[in-house]
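**Q** Below you'll find the structure I mean.
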Amino acid sequence: MSESTLYYFYSVGCGWCKKAEPIVDELNEAGYDILKLDLSEKDNQELNNQLKQKYGKQCGTPWLIDASTGNNICGFREKDIVEKWAKGEEIPEPPKPKSPPPPPPKDFKNQKEVDEWKEGYEKWVKENDHMPNLPPVEQMLERLEKQAEFMKNRQNQAPPAGNTAGLESRISVMEQKLDRLLTHLGVKTNDIRPPQPKGPAVKQPPKGLPGPPANSKPPKQKKVKPKKKTDKK
């Protein structure tokens with residue numbers, strides 16, 4: 001049995017890869033042979049670059065490619081599309097807009113800005129009628145307004161400058177991760193003691209000389225009373 005040439009390149013932490021991986025697993029369980037290649041491994045990185053150079057492709061992750069033909073899918077696609085690719089059917093790339101859409105209004109309460117955006121968006125939709133499922137102008141405006149409101153609330157909830165609560169929380173999380181790492185490595189954190197502060201150095205007197213008296217004040221001298229003179233008779 002020849003080795004499969006169907007490759008699925010993915011990267012850890014990729015959100016679209018997390019959606020694509022269950023689809024790849026289901027197709028493999030159904031009898032397909034799609035090799036899952038983690039791009040954190042050096043050999044997979046080299047293979048990825050070789051295929052891109054060979055077929056003139058540019059794609060991040062997820063990336064599905066038939067190494068024998070160059071037939072590929074860049075990005076996430078639904079299960080039926082991925083299965084067609086696994087069967088050898090050439091999958092056309094999804095349509096792309098001819099130009100970026102107009103930027104959203106800075107102030108949604110400013111009717112002039114909103115009207116100008118509506119005009120620009122409707123023009124953009126007509127220029128890109130080859131793209132399916134573009135939302136109508138009112139629906140798109142509502143989405144943008146909700147997104148702007150969400151971002152505004154998020155900024156208001158951010159801690160003010162100089163607030164160390166967030167920093168202390170991150171430091172606590174880092175300390176917990178470090179403790180778990182040390183435990184995994186077999187290092188007992190109880191045995192790690194912080195260095196104890198040293199007291200001020202005390203100079204010892206040279207040998208043979210008496211040390212300083214306990215009381216730094218000089219001892220009081222006794223006054224000697226003069227003797228009374230006696231008259232000689």
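Ordered as shown in the structure tokens, chains take letters A, B, and onward, while each chain numbers its residues from 1 and ligands are numbered from 1 in the order shown.
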Please identify all polymer residues within 9 Å of Ala86 of chain A, counting only C-alpha atoms, omitting same-chain residues fewer than 6 positions from it, and present them as a ChimeraX atom specification.
**A** /A:6,27,32-34,66
**Q** Can I get the selection written as a PDB file, in the first residue's frame, with C-alpha atoms?
**A**
ATOM      1  CA  LEU A   6      -2.981  13.928   1.404  1.00  0.00           C
ATOM      2  CA  LEU A  27     -12.927  11.542   7.214  1.00  0.00           C
ATOM      3  CA  TYR A  32      -9.595   8.320   4.015  1.00  0.00           C
ATOM      4  CA  ASP A  33      -5.909   8.671   4.821  1.00  0.00           C
ATOM      5  CA  ILE A  34      -5.106  12.311   5.575  1.00  0.00           C
ATOM      6  CA  ASP A  66      -2.433  16.690  -2.204  1.00  0.00           C
TER       7      ASP A  66
END
**Q** Which residues are close to Gly70 of chain A, i.e. within 9 Å by only C-alpha atoms, leaving aside same-chain residues fewer than 3 positions away? Reply as a CSV table (one decimal) with C-alpha atoms, in the first residue's frame.
**A**
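The new file selection_17.csv reads:
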chain,number,residue,atom,x,y,z
A,51,LEU,CA,5.3,22.1,-1.3
A,54,LYS,CA,6.9,23.5,-5.9
A,55,TYR,CA,3.2,24.5,-6.5
A,57,LYS,CA,1.1,28.3,-3.1
A,65,ILE,CA,-2.8,19.7,0.0
A,66,ASP,CA,-2.4,16.7,-2.2
A,67,ALA,CA,1.3,16.5,-2.6
**Q** Name the closest residue to Pro95 of chain A among the candidates A:Pro132, A:Gly13, A:Gly56, A:Gly31; distances are taken between atoms, counting only C-alpha atoms.
**A**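 Checking each candidate against Pro95 of chain A, we get A:Pro132 as the closest.
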**Q** So that I can check the surroundings of Glu119 of chain A, please list as a PDB file with N, CA and C atoms, in the first residue's frame every protein, DNA and RNA residue that reaches within 10 Å of it, counting only C-alpha atoms and ignoring chain neighbours fewer than 4 positions away.
**A**
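What follows is the written file around-v7.pdb:
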ATOM      1  N   PRO A 102     -15.787  50.001   2.900  1.00  0.00           N
ATOM      2  CA  PRO A 102     -15.538  51.321   3.503  1.00  0.00           C
ATOM      3  C   PRO A 102     -15.443  51.216   5.016  1.00  0.00           C
ATOM      4  N   VAL A 114     -23.130  58.405   9.029  1.00  0.00           N
ATOM      5  CA  VAL A 114     -23.830  57.137   8.774  1.00  0.00           C
ATOM      6  C   VAL A 114     -24.327  57.086   7.338  1.00  0.00           C
ATOM      7  N   ASP A 115     -24.898  58.187   6.833  1.00  0.00           N
ATOM      8  CA  ASP A 115     -25.415  58.220   5.463  1.00  0.00           C
ATOM      9  C   ASP A 115     -24.279  58.059   4.448  1.00  0.00           C
ATOM     10  N   LYS A 123     -22.368  50.845  -2.672  1.00  0.00           N
ATOM     11  CA  LYS A 123     -21.543  50.855  -3.882  1.00  0.00           C
ATOM     12  C   LYS A 123     -20.564  49.687  -3.876  1.00  0.00           C
ATOM     13  N   TRP A 124     -19.993  49.412  -2.703  1.00  0.00           N
ATOM     14  CA  TRP A 124     -19.031  48.299  -2.580  1.00  0.00           C
ATOM     15  C   TRP A 124     -19.716  46.959  -2.826  1.00  0.00           C
ATOM     16  N   VAL A 137     -27.266  46.530   3.826  1.00  0.00           N
ATOM     17  CA  VAL A 137     -26.657  47.687   4.476  1.00  0.00           C
ATOM     18  C   VAL A 137     -27.135  47.867   5.919  1.00  0.00           C
TER      19      VAL A 137
END
**Q** Point out the residue among A:Arg77, A:Lys36, A:Lys98, A:Lys109 with the least atom-to-atom distance to Lys126 of chain A, counting only C-alpha atoms.
**A**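 Closest residue, counting only C-alpha atoms: A:Lys98.
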**Q** If you run DSSP on the backbone here, which positions in segment 54-108 of chain A get helix (DSSP H, G or I)? Please write them as a list in words.
**A**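 Filtering segment 54-108 of chain A down to helix (DSSP H, G or I) leaves Lys54, Tyr55, Lys79, Asp80, Ile81, Val82, Glu83, Lys84, Trp85 and Ala86 of chain A.
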**Q** Write out as a compact mmCIF listing (two decimals) with C-alpha atoms, in the first residue's frame which residues come within 9 Å of Pro136 of chain A when counting only C-alpha atoms, dropping same-chain ones fewer than 4 positions away.
**A**
# COMPACT_ATOMS: atom_id res chain seq x y z
CA GLU A 122 -23.98 49.89 -1.13
CA VAL A 125 -21.69 45.54 -2.54
CA MET A 140 -24.21 45.38 8.39
CA LEU A 141 -24.68 48.76 10.10
